[in-house]
$ cat data14.pdb   # PDB, C-alpha atoms
MODEL        1
ATOM      1  CA  TYR N   1     -65.497  53.394  31.570
ATOM      2  CA  LYS N   2     -66.347  55.734  28.672
ATOM      3  CA  ALA N   3     -66.679  58.636  31.089
ATOM      4  CA  MET N   4     -63.214  57.903  32.486
ATOM      5  CA  LYS N   5     -61.776  57.831  28.957
ATOM      6  CA  LEU N   6     -63.430  61.150  28.116
ATOM      7  CA  LYS N   7     -62.121  62.680  31.340
ATOM      8  CA  SER N   8     -58.590  61.420  30.688
ATOM      9  CA  ALA N   9     -58.647  62.587  27.090
ATOM     10  CA  ALA N  10     -59.794  66.062  28.091
ATOM     11  CA  ARG N  11     -57.192  66.286  30.848
ATOM     12  CA  TYR N  12     -54.469  65.545  28.286
ATOM     13  CA  PHE N  13     -55.093  68.980  26.753
ATOM     14  CA  ASP N  14     -54.808  70.858  30.085
ATOM     15  CA  THR N  15     -51.604  72.630  29.116
ATOM     16  CA  ASP N  16     -52.077  76.158  30.525
ATOM     17  CA  THR N  17     -50.306  76.663  33.832
ATOM     18  CA  VAL N  18     -52.523  78.552  36.268
ATOM     19  CA  THR N  19     -51.150  80.392  39.294
ATOM     20  CA  ASP N  20     -52.823  82.392  42.056
ATOM     21  CA  GLY N  21     -53.242  86.042  41.074
ATOM     22  CA  TYR N  22     -52.400  87.291  44.578
ATOM     23  CA  THR N  23     -49.813  84.861  45.977
ATOM     24  CA  GLY N  24     -48.238  83.468  42.800
ATOM     25  CA  ALA N  25     -48.716  79.897  44.066
ATOM     26  CA  LEU N  26     -49.051  77.151  41.450
ATOM     27  CA  LEU N  27     -52.696  76.025  41.306
ATOM     28  CA  PHE N  28     -53.487  73.652  38.432
ATOM     29  CA  LYS N  29     -53.387  73.058  34.682
ATOM     30  CA  ALA N  30     -56.330  74.179  32.548
ATOM     31  CA  GLN N  31     -57.593  75.042  29.090
ATOM     32  CA  PHE N  32     -58.249  78.724  28.385
ATOM     33  CA  SER N  33     -60.245  79.366  25.225
ATOM     34  CA  SER N  34     -61.762  82.427  23.578
ATOM     35  CA  TYR N  35     -65.279  83.375  24.564
ATOM     36  CA  GLU N  36     -67.695  82.440  21.801
ATOM     37  CA  GLY N  37     -69.720  85.605  21.432
ATOM     38  CA  ALA N  38     -69.447  88.095  18.613
ATOM     39  CA  ALA N  39     -70.060  91.711  19.526
ATOM     40  CA  PRO N  40     -72.110  93.759  17.011
ATOM     41  CA  ASP N  41     -69.361  96.378  16.782
ATOM     42  CA  GLY N  42     -66.617  93.780  16.341
ATOM     43  CA  SER N  43     -64.920  94.773  19.607
ATOM     44  CA  PHE N  44     -62.555  92.421  21.431
ATOM     45  CA  GLN N  45     -64.122  90.297  24.156
ATOM     46  CA  ARG N  46     -62.103  90.535  27.361
ATOM     47  CA  ARG N  47     -63.510  87.191  28.440
ATOM     48  CA  ARG N  48     -62.370  83.595  28.343
ATOM     49  CA  VAL N  49     -63.805  80.168  29.061
ATOM     50  CA  VAL N  50     -61.834  78.068  31.552
ATOM     51  CA  SER N  51     -62.030  74.292  31.453
ATOM     52  CA  VAL N  52     -60.442  72.103  34.163
ATOM     53  CA  ALA N  53     -60.544  68.521  35.346
ATOM     54  CA  PRO N  54     -63.153  67.424  37.908
ATOM     55  CA  GLY N  55     -62.127  67.953  41.503
ATOM     56  CA  ILE N  56     -59.975  71.032  40.801
ATOM     57  CA  VAL N  57     -60.328  73.623  43.568
ATOM     58  CA  PRO N  58     -60.434  77.258  42.313
ATOM     59  CA  ALA N  59     -58.267  80.047  43.688
ATOM     60  CA  SER N  60     -59.532  81.240  47.065
ATOM     61  CA  ARG N  61     -60.118  84.762  45.744
ATOM     62  CA  ARG N  62     -60.883  83.601  42.188
ATOM     63  CA  VAL N  63     -58.046  85.599  40.577
ATOM     64  CA  VAL N  64     -55.581  83.603  38.483
ATOM     65  CA  VAL N  65     -52.639  84.311  36.187
ATOM     66  CA  VAL N  66     -52.282  82.618  32.791
ATOM     67  CA  GLN N  67     -49.563  83.600  30.308
ATOM     68  CA  GLY N  68     -48.815  86.716  32.345
ATOM     69  CA  MET N  69     -52.416  87.984  32.339
ATOM     70  CA  ARG N  70     -54.731  88.102  35.345
ATOM     71  CA  TRP N  71     -58.261  86.766  35.078
ATOM     72  CA  ILE N  72     -61.163  86.708  37.518
ATOM     73  CA  MET N  73     -62.891  83.346  37.418
ATOM     74  CA  GLY N  74     -66.556  82.755  37.953
ATOM     75  CA  GLU N  75     -67.931  79.687  39.677
ATOM     76  CA  LEU N  76     -67.150  76.274  38.194
ATOM     77  CA  VAL N  77     -69.978  74.269  36.624
ATOM     78  CA  THR N  78     -69.627  70.496  36.255
ATOM     79  CA  ASP N  79     -70.116  68.765  32.897
ATOM     80  CA  ALA N  80     -71.037  65.085  33.084
ATOM     81  CA  PHE N  81     -71.401  61.987  30.897
ATOM     82  CA  ARG N  82     -73.689  59.213  32.094
ATOM     83  CA  ASP N  83     -73.816  60.770  35.554
ATOM     84  CA  LYS N  84     -70.010  60.852  35.808
ATOM     85  CA  PRO N  85     -68.203  64.237  36.037
ATOM     86  CA  ILE N  86     -65.786  64.722  33.183
ATOM     87  CA  ARG N  87     -65.017  68.492  33.167
ATOM     88  CA  GLN N  88     -65.581  71.730  35.045
ATOM     89  CA  THR N  89     -65.967  75.036  33.231
ATOM     90  CA  SER N  90     -66.341  78.683  34.202
ATOM     91  CA  ALA N  91     -66.247  82.124  32.691
ATOM     92  CA  ALA N  92     -63.232  84.380  33.234
ATOM     93  CA  LYS N  93     -62.971  88.154  32.925
ATOM     94  CA  GLU N  94     -59.740  90.073  32.503
ATOM     95  CA  ALA N  95     -58.613  91.916  35.631
ATOM     96  CA  THR N  96     -58.475  95.481  34.339
ATOM     97  CA  ASP N  97     -57.632  97.258  37.602
ATOM     98  CA  LEU N  98     -55.932  96.687  40.927
ATOM     99  CA  PHE N  99     -58.071  98.532  43.461
ATOM    100  CA  THR N 100     -57.788  99.099  47.169
ATOM    101  CA  LEU N 101     -61.062  98.264  48.906
ATOM    102  CA  LEU N 102     -61.662 100.799  51.695
ATOM    103  CA  THR N 103     -64.241 101.276  54.405
ATOM    104  CA  PRO N 104     -65.437 104.900  54.646
ATOM    105  CA  ALA N 105     -63.118 105.594  57.595
ATOM    106  CA  GLN N 106     -60.143 103.999  55.851
ATOM    107  CA  ALA N 107     -60.835 106.142  52.798
ATOM    108  CA  ALA N 108     -61.170 109.292  54.899
ATOM    109  CA  LEU N 109     -57.940 108.631  56.822
ATOM    110  CA  LYS N 110     -55.997 107.469  53.738
ATOM    111  CA  SER N 111     -55.408 104.193  55.534
ATOM    112  CA  ALA N 112     -54.294 100.940  53.997
ATOM    113  CA  GLY N 113     -57.160  98.802  52.771
ATOM    114  CA  THR N 114     -57.493  95.462  51.000
ATOM    115  CA  PRO N 115     -55.883  95.021  47.551
ATOM    116  CA  ILE N 116     -58.503  93.626  45.178
ATOM    117  CA  TYR N 117     -58.485  92.948  41.442
ATOM    118  CA  GLY N 118     -61.585  93.883  39.459
ATOM    119  CA  HIS N 119     -62.913  93.921  35.920
ATOM    120  CA  LYS N 120     -64.214  97.426  35.256
ATOM    121  CA  GLN N 121     -66.495  98.416  32.409
ATOM    122  CA  TYR N 122     -68.364 101.619  31.640
ATOM    123  CA  LEU N 123     -72.083 101.461  32.400
ATOM    124  CA  LYS N 124     -73.590 104.906  31.778
ATOM    125  CA  ASP N 125     -73.375 108.598  32.624
ATOM    126  CA  THR N 126     -75.282 110.065  35.537
ATOM    127  CA  VAL N 127     -76.424 113.692  35.391
ATOM    128  CA  ASN N 128     -75.508 115.930  38.297
ATOM    129  CA  SER N 129     -78.476 118.233  37.775
ATOM    130  CA  VAL N 130     -78.350 119.656  41.313
ATOM    131  CA  THR N 131     -74.782 120.949  41.521
ATOM    132  CA  ASP N 132     -73.133 121.574  38.145
ATOM    133  CA  SER N 133     -75.221 119.729  35.484
ATOM    134  CA  ASN N 134     -72.154 117.755  34.438
ATOM    135  CA  TYR N 135     -72.206 114.153  33.284
ATOM    136  CA  ASP N 136     -70.345 111.778  35.591
ATOM    137  CA  PRO N 137     -69.531 108.202  34.576
ATOM    138  CA  GLN N 138     -70.808 105.163  36.409
ATOM    139  CA  TYR N 139     -69.134 101.762  36.143
ATOM    140  CA  GLU N 140     -69.829  98.089  36.686
ATOM    141  CA  VAL N 141     -66.903  96.437  38.473
ATOM    142  CA  PHE N 142     -66.825  92.630  38.614
ATOM    143  CA  PHE N 143     -65.170  90.806  41.523
ATOM    144  CA  GLY N 144     -64.761  87.217  42.669
ATOM    145  CA  ILE N 145     -67.697  85.865  44.622
ATOM    146  CA  THR N 146     -65.592  85.251  47.744
ATOM    147  CA  GLU N 147     -64.760  88.946  48.242
ATOM    148  CA  ASN N 148     -66.209  90.809  51.239
ATOM    149  CA  LEU N 149     -67.843  93.799  49.572
ATOM    150  CA  LYS N 150     -70.458  96.231  50.848
ATOM    151  CA  ALA N 151     -72.502  98.927  49.143
ATOM    152  CA  GLY N 152     -71.062 102.164  50.517
ATOM    153  CA  TYR N 153     -67.405 101.101  50.498
ATOM    154  CA  PHE N 154     -64.816 102.832  48.310
ATOM    155  CA  LEU N 155     -62.525 101.572  45.540
ATOM    156  CA  LYS N 156     -59.252 103.364  44.837
ATOM    157  CA  SER N 157     -56.835 102.679  41.999
ATOM    158  CA  ALA N 158     -53.878 104.653  40.712
ATOM    159  CA  GLN N 159     -56.204 106.490  38.295
ATOM    160  CA  GLN N 160     -59.681 106.500  39.854
ATOM    161  CA  TYR N 161     -61.659 106.830  43.050
ATOM    162  CA  LEU N 162     -65.003 105.015  43.013
ATOM    163  CA  HIS N 163     -67.865 104.726  45.490
ATOM    164  CA  ILE N 164     -69.942 101.534  45.450
ATOM    165  CA  ARG N 165     -73.600 102.447  45.115
ATOM    166  CA  SER N 166     -75.090  98.944  44.869
ATOM    167  CA  LEU N 167     -74.105  95.274  44.638
ATOM    168  CA  GLN N 168     -75.586  92.488  42.551
ATOM    169  CA  TYR N 169     -74.771  88.804  42.188
ATOM    170  CA  THR N 170     -74.529  87.323  38.691
ATOM    171  CA  ASN N 171     -75.361  83.761  37.695
ATOM    172  CA  GLU N 172     -71.814  83.344  36.370
ATOM    173  CA  GLY N 173     -70.495  83.723  39.914
ATOM    174  CA  TYR N 174     -69.397  87.355  40.278
ATOM    175  CA  TRP N 175     -70.164  90.288  42.488
ATOM    176  CA  VAL N 176     -70.986  93.347  40.387
ATOM    177  CA  ALA N 177     -70.399  96.686  42.095
ATOM    178  CA  VAL N 178     -72.246  99.556  40.401
ATOM    179  CA  SER N 179     -69.941 102.446  41.276
ATOM    180  CA  ASP N 180     -69.867 106.228  40.852
ATOM    181  CA  GLU N 181     -66.655 107.932  39.821
ATOM    182  CA  LEU N 182     -65.505 110.542  42.360
ATOM    183  CA  ALA N 183     -62.174 111.514  40.826
ATOM    184  CA  THR N 184     -59.885 110.484  37.995
ATOM    185  CA  ASN N 185     -56.327 111.249  36.931
ATOM    186  CA  PRO N 186     -55.416 111.450  39.744
ATOM    187  CA  ALA N 187     -57.660 109.564  42.141
ATOM    188  CA  THR N 188     -56.379 111.698  45.025
ATOM    189  CA  ASP N 189     -58.500 114.636  43.845
ATOM    190  CA  ALA N 190     -61.325 113.122  45.937
ATOM    191  CA  GLU N 191     -59.229 113.434  49.114
ATOM    192  CA  VAL N 192     -59.449 116.683  51.084
ATOM    193  CA  THR N 193     -58.226 118.201  54.332
ATOM    194  CA  ALA N 194     -61.011 119.662  56.474
ATOM    195  CA  THR N 195     -60.800 121.864  59.572
ATOM    196  CA  PHE N 196     -63.761 121.744  61.959
ATOM    197  CA  ALA N 197     -63.972 125.079  63.806
ATOM    198  CA  GLY N 198     -64.006 125.209  67.601
ATOM    199  CA  VAL N 199     -66.453 127.107  69.796
ATOM    200  CA  TYR N 200     -67.338 130.579  68.527
ATOM    201  CA  ASP N 201     -66.510 133.533  70.834
ATOM    202  CA  PRO N 202     -69.018 136.370  70.176
ATOM    203  CA  VAL N 203     -66.771 138.880  71.961
ATOM    204  CA  THR N 204     -63.699 138.360  69.828
ATOM    205  CA  GLU N 205     -65.771 137.085  66.876
ATOM    206  CA  THR N 206     -63.338 134.211  66.409
ATOM    207  CA  HIS N 207     -63.454 130.448  66.708
ATOM    208  CA  ALA N 208     -61.406 128.464  69.178
ATOM    209  CA  ALA N 209     -58.857 126.016  67.836
ATOM    210  CA  GLY N 210     -60.610 123.244  65.973
ATOM    211  CA  VAL N 211     -59.820 119.787  64.664
ATOM    212  CA  THR N 212     -58.185 119.137  61.311
ATOM    213  CA  THR N 213     -58.548 115.793  59.572
ATOM    214  CA  THR N 214     -58.603 114.263  56.123
ATOM    215  CA  GLY N 215     -61.717 113.094  54.347
ATOM    216  CA  ILE N 216     -63.447 112.242  51.075
ATOM    217  CA  MET N 217     -65.620 114.836  49.347
ATOM    218  CA  LEU N 218     -68.238 113.870  46.782
ATOM    219  CA  ASP N 219     -71.320 115.232  45.088
ATOM    220  CA  MET N 220     -74.341 115.145  47.361
ATOM    221  CA  TYR N 221     -76.556 113.245  44.912
ATOM    222  CA  LYS N 222     -74.106 110.316  44.919
ATOM    223  CA  LEU N 223     -74.588 109.754  48.636
ATOM    224  CA  TYR N 224     -77.829 110.971  50.154
ATOM    225  CA  ASN N 225     -80.481 109.320  52.301
ATOM    226  CA  PHE N 226     -83.647 110.716  53.837
ATOM    227  CA  ASN N 227     -83.832 109.512  57.434
ATOM    228  CA  THR N 228     -86.843 111.554  58.517
ATOM    229  CA  GLU N 229     -89.326 113.883  56.844
ATOM    230  CA  ALA N 230     -87.669 116.764  58.702
ATOM    231  CA  ASP N 231     -84.269 116.189  57.073
ATOM    232  CA  PRO N 232     -82.920 119.147  55.076
ATOM    233  CA  ARG N 233     -83.294 118.684  51.343
ATOM    234  CA  ASN N 234     -80.357 118.631  48.978
ATOM    235  CA  GLN N 235     -79.809 122.090  47.468
ATOM    236  CA  ALA N 236     -77.666 123.239  44.574
ATOM    237  CA  GLY N 237     -74.008 123.183  45.545
ATOM    238  CA  ASP N 238     -74.409 120.873  48.560
ATOM    239  CA  MET N 239     -71.646 118.313  49.000
ATOM    240  CA  SER N 240     -71.051 115.209  51.107
ATOM    241  CA  LEU N 241     -67.967 114.921  53.286
ATOM    242  CA  ILE N 242     -66.865 111.582  54.722
ATOM    243  CA  VAL N 243     -64.716 111.745  57.859
ATOM    244  CA  ALA N 244     -63.723 108.995  60.283
ATOM    245  CA  LYS N 245     -65.605 108.712  63.571
ATOM    246  CA  SER N 246     -62.271 108.257  65.315
ATOM    247  CA  ALA N 247     -60.971 111.583  63.977
ATOM    248  CA  VAL N 248     -63.717 114.075  64.791
ATOM    249  CA  THR N 249     -67.150 114.473  66.386
ATOM    250  CA  PRO N 250     -69.064 116.958  64.208
ATOM    251  CA  LYS N 251     -71.688 119.406  65.458
ATOM    252  CA  ALA N 252     -74.730 120.850  63.725
ATOM    253  CA  ASP N 253     -74.153 124.274  62.100
ATOM    254  CA  GLN N 254     -70.413 123.864  62.624
ATOM    255  CA  LEU N 255     -68.057 125.761  60.311
ATOM    256  CA  VAL N 256     -65.909 123.463  58.153
ATOM    257  CA  THR N 257     -63.061 124.890  56.086
ATOM    258  CA  ILE N 258     -61.804 122.996  53.031
ATOM    259  CA  ALA N 259     -59.161 124.422  50.669
ATOM    260  CA  GLY N 260     -59.820 127.923  51.978
ATOM    261  CA  VAL N 261     -63.593 127.710  51.464
ATOM    262  CA  ASP N 262     -65.989 127.834  54.417
ATOM    263  CA  TRP N 263     -68.871 125.357  54.541
ATOM    264  CA  LYS N 264     -71.689 124.865  57.015
ATOM    265  CA  ASN N 265     -72.503 121.477  58.544
ATOM    266  CA  ILE N 266     -76.199 121.107  57.673
ATOM    267  CA  LYS N 267     -76.614 117.519  58.793
ATOM    268  CA  PHE N 268     -74.458 114.543  59.787
ATOM    269  CA  THR N 269     -75.325 110.862  60.048
ATOM    270  CA  PRO N 270     -73.355 107.696  60.859
ATOM    271  CA  TYR N 271     -71.969 105.926  57.817
ATOM    272  CA  PHE N 272     -70.351 102.600  58.747
ATOM    273  CA  ASP N 273     -67.166 103.628  60.655
ATOM    274  CA  ALA N 274     -67.409 107.258  59.521
ATOM    275  CA  TRP N 275     -69.656 110.324  59.439
ATOM    276  CA  ASN N 276     -71.519 111.444  56.331
ATOM    277  CA  ILE N 277     -71.753 115.240  56.590
ATOM    278  CA  GLN N 278     -73.987 117.367  54.374
ATOM    279  CA  LEU N 279     -72.109 120.583  53.631
ATOM    280  CA  ARG N 280     -73.503 123.819  52.248
TER     281      ARG N 280
ENDMDL
END

$ encode --input "data14.pdb" --output "structure tokens"
Amino acid sequence: YKAMKLKSAARYFDTDTVTDGYTGALLFKAQFSSYEGAAPDGSFQRRRVVSVAPGIVPASRRVVVVQGMRWIMGELVTDAFRDKPIRQTSAAKEATDLFTLLTPAQAALKSAGTPIYGHKQYLKDTVNSVTDSNYDPQYEVFFGITENLKAGYFLKSAQQYLHIRSLQYTNEGYWVAVSDELATNPATDAEVTATFAGVYDPVTETHAAGVTTTGIMLDMYKLYNFNTEADPRNQAGDMSLIVAKSAVTPKADQLVTIAGVDWKNIKFTPYFDAWNIQLR
């Protein structure tokens, strides 16, 4: 009886209307409160605590809208009194970016992908010591636990192009995608047009008509795997080019022209639905 009174009393204060962040459908009433955690630098916490009545079903993709702001909810945890559920609570992170989740081929072909909200935060700088010694930022991007993510997929927003290097699961109920920045302001700087030369004629010293397609170009150190001990090592200036398997079949030592610059296909390996080509 006391548990039912506690549950009813708590439900009385569920006054925040919660809608689905993707469809706009009305979901439930809840209590959104500030996250109780003071940062040493006094910065604003882009987090909230969500409290709902027992039995409430979360949004299918865990993104909700409250007071015009989108939040990504973690997994609900049940609070009980005398073995009776009285509340459910979860963490919520502000949705900072609307990305498009892309397979490598979708990214290469500029195809439509899956819209996905994420909470992005700066993690660290990585040093590109092989190519230009510049510092490139790396981010942690938080997503709802129901999303179908894979390490190696791409994230594109209006401002940035990111490549997911690794995925981790957090105890709060999020996927965290550790991602390298490929381009920013605009994101399209990562997209290139590449022409794969045809057969070389030693008599005329020209190449036959080749195949032109679009692709994604990124620093070699951000996407490199040794498959065998005989694989060519990454050298200064080497780049990775992602092209769709459906668009082109590359050949070893093939000439590839991008923005008027000639590159040589050193090595190519399958990469999901695309090719990962090492260019020099």

$ residues_around --input "data14.pdb" --residues "range 16-19 of chain N" --least-positions-apart "2" --cutoff "12 Å" --atoms "only C-alpha atoms" --output "ChimeraX atom specification"
/N:11-14,21-33,50-52,56-73

$ resolve_selection --input "data14.pdb" --expression "the PyMOL selection byres ((chain N and resi 77-92) around 7)" --output "MDAnalysis selection string"
chainID N and resid 3 6:7 47:54 71:76 93:94 172

$ atom_distance --input "data14.pdb" --atom1 "CA of Val243 in chain N" --atom2 "CA of Ala158 in chain N"
21.5 Å

$ resolve_selection --input "data14.pdb" --expression "the PyMOL selection byres ((chain N and resi 252) around 9)" --output "list in words"
Pro250, Lys251, Asp253, Gln254, Leu255, Lys264, Asn265, Ile266, Lys267 and Phe268 of chain N

$ atom_distance --input "data14.pdb" --atom1 "CA of Ala247 in chain N" --atom2 "CA of Leu102 in chain N"
16.4 Å

$ axis_aligned_box --input "data14.pdb" --around "range 50-68 of chain N" --padding-each-side "4 Å" --output "AutoDock Vina command-line options"
--center_x -56.0 --center_y 77.1 --center_z 38.7 --size_x 22.3 --size_y 27.3 --size_z 24.8

$ atom_distance --input "data14.pdb" --atom1 "CA of Glu191 in chain N" --atom2 "CA of Ala95 in chain N"
25.4 Å

$ resolve_selection --input "data14.pdb" --expression "the PyMOL selection byres ((chain N and resi 121-127) around 7)" --output "list of chain:residue names"
N:His119, N:Lys120, N:Asn128, N:Ser129, N:Ser133, N:Asn134, N:Tyr135, N:Asp136, N:Pro137, N:Gln138, N:Tyr139, N:Glu140, N:Val141

$ write_last_selection --input "data14.pdb" --atoms "C-alpha atoms" --output "short mmCIF file (atom, residue, chain, number, x, y, z; two decimals), in the frame of the given file"
data_model
loop_
_atom_site.label_atom_id
_atom_site.label_comp_id
_atom_site.auth_asym_id
_atom_site.auth_seq_id
_atom_site.Cartn_x
_atom_site.Cartn_y
_atom_site.Cartn_z
CA HIS N 119 -62.91 93.92 35.92
CA LYS N 120 -64.21 97.43 35.26
CA ASN N 128 -75.51 115.93 38.30
CA SER N 129 -78.48 118.23 37.78
CA SER N 133 -75.22 119.73 35.48
CA ASN N 134 -72.15 117.76 34.44
CA TYR N 135 -72.21 114.15 33.28
CA ASP N 136 -70.34 111.78 35.59
CA PRO N 137 -69.53 108.20 34.58
CA GLN N 138 -70.81 105.16 36.41
CA TYR N 139 -69.13 101.76 36.14
CA GLU N 140 -69.83 98.09 36.69
CA VAL N 141 -66.90 96.44 38.47
#

$ closest_residue --input "data14.pdb" --among "N:Leu223, N:Leu279, N:Ala105, N:Leu155" --to "Asp262 in chain N" --atoms "only C-alpha atoms"
N:Leu279

$ residues_around --input "data14.pdb" --residues "Val176 in chain N" --least-positions-apart "2" --cutoff "12 Å" --atoms "all atoms listed in the file" --output "ChimeraX atom specification"
/N:74,118-121,123,139-145,147,149-151,164-174,178-179

$ decode --input "data14.pdb" --residues "range 231-239 of chain N" --atoms "all heavy atoms" --output "mmCIF file, in the first residue's frame"
data_model
loop_
_atom_site.group_PDB
_atom_site.id
_atom_site.type_symbol
_atom_site.label_atom_id
_atom_site.label_comp_id
_atom_site.auth_asym_id
_atom_site.auth_seq_id
_atom_site.Cartn_x
_atom_site.Cartn_y
_atom_site.Cartn_z
ATOM 1 N N ASP N 231 52.601 -7.011 -46.767
ATOM 2 C CA ASP N 231 51.883 -5.790 -47.124
ATOM 3 C C ASP N 231 52.816 -4.590 -47.135
ATOM 4 O O ASP N 231 53.693 -4.467 -46.276
ATOM 5 C CB ASP N 231 50.756 -5.526 -46.123
ATOM 6 C CG ASP N 231 49.563 -6.430 -46.358
ATOM 7 O OD1 ASP N 231 49.496 -7.038 -47.435
ATOM 8 O OD2 ASP N 231 48.703 -6.511 -45.467
ATOM 9 N N PRO N 232 52.622 -3.668 -48.109
ATOM 10 C CA PRO N 232 53.444 -2.460 -48.139
ATOM 11 C C PRO N 232 53.184 -1.591 -46.918
ATOM 12 O O PRO N 232 52.048 -1.448 -46.463
ATOM 13 C CB PRO N 232 52.983 -1.749 -49.427
ATOM 14 C CG PRO N 232 51.615 -2.290 -49.696
ATOM 15 C CD PRO N 232 51.624 -3.703 -49.196
ATOM 16 N N ARG N 233 54.251 -1.047 -46.361
ATOM 17 C CA ARG N 233 54.119 -0.201 -45.184
ATOM 18 C C ARG N 233 53.637 1.193 -45.578
ATOM 19 O O ARG N 233 53.829 1.657 -46.705
ATOM 20 C CB ARG N 233 55.459 -0.113 -44.447
ATOM 21 C CG ARG N 233 55.957 -1.442 -43.885
ATOM 22 C CD ARG N 233 54.946 -2.027 -42.905
ATOM 23 N NE ARG N 233 55.473 -3.136 -42.141
ATOM 24 C CZ ARG N 233 55.167 -4.417 -42.355
ATOM 25 N NH1 ARG N 233 54.352 -4.738 -43.347
ATOM 26 N NH2 ARG N 233 55.658 -5.374 -41.591
ATOM 27 N N ASN N 234 53.027 1.848 -44.609
ATOM 28 C CA ASN N 234 52.553 3.209 -44.807
ATOM 29 C C ASN N 234 53.747 4.159 -44.871
ATOM 30 O O ASN N 234 54.578 4.188 -43.973
ATOM 31 C CB ASN N 234 51.626 3.573 -43.644
ATOM 32 C CG ASN N 234 51.001 4.932 -43.814
ATOM 33 O OD1 ASN N 234 51.060 5.516 -44.889
ATOM 34 N ND2 ASN N 234 50.396 5.442 -42.760
ATOM 35 N N GLN N 235 53.836 4.943 -45.948
ATOM 36 C CA GLN N 235 54.915 5.903 -46.111
ATOM 37 C C GLN N 235 54.361 7.320 -46.053
ATOM 38 O O GLN N 235 53.149 7.544 -46.189
ATOM 39 C CB GLN N 235 55.632 5.680 -47.449
ATOM 40 C CG GLN N 235 56.373 4.349 -47.530
ATOM 41 C CD GLN N 235 57.183 4.223 -48.804
ATOM 42 O OE1 GLN N 235 57.351 5.194 -49.550
ATOM 43 N NE2 GLN N 235 57.697 3.035 -49.064
ATOM 44 N N ALA N 236 55.250 8.268 -45.842
ATOM 45 C CA ALA N 236 54.841 9.667 -45.766
ATOM 46 C C ALA N 236 54.075 10.069 -47.024
ATOM 47 O O ALA N 236 54.532 9.821 -48.141
ATOM 48 C CB ALA N 236 56.065 10.558 -45.583
ATOM 49 N N GLY N 237 52.925 10.678 -46.824
ATOM 50 C CA GLY N 237 52.113 11.131 -47.943
ATOM 51 C C GLY N 237 51.091 10.137 -48.429
ATOM 52 O O GLY N 237 50.222 10.493 -49.233
ATOM 53 N N ASP N 238 51.150 8.875 -47.984
ATOM 54 C CA ASP N 238 50.158 7.884 -48.410
ATOM 55 C C ASP N 238 48.771 8.275 -47.899
ATOM 56 O O ASP N 238 48.619 8.833 -46.803
ATOM 57 C CB ASP N 238 50.509 6.496 -47.884
ATOM 58 C CG ASP N 238 51.660 5.858 -48.646
ATOM 59 O OD1 ASP N 238 52.218 6.536 -49.543
ATOM 60 O OD2 ASP N 238 51.999 4.701 -48.345
ATOM 61 N N MET N 239 47.760 7.963 -48.697
ATOM 62 C CA MET N 239 46.385 8.257 -48.336
ATOM 63 C C MET N 239 45.525 7.015 -48.552
ATOM 64 O O MET N 239 45.913 6.087 -49.272
ATOM 65 C CB MET N 239 45.830 9.408 -49.186
ATOM 66 C CG MET N 239 46.581 10.721 -49.035
ATOM 67 S SD MET N 239 46.338 11.519 -47.420
ATOM 68 C CE MET N 239 44.670 12.144 -47.613
#
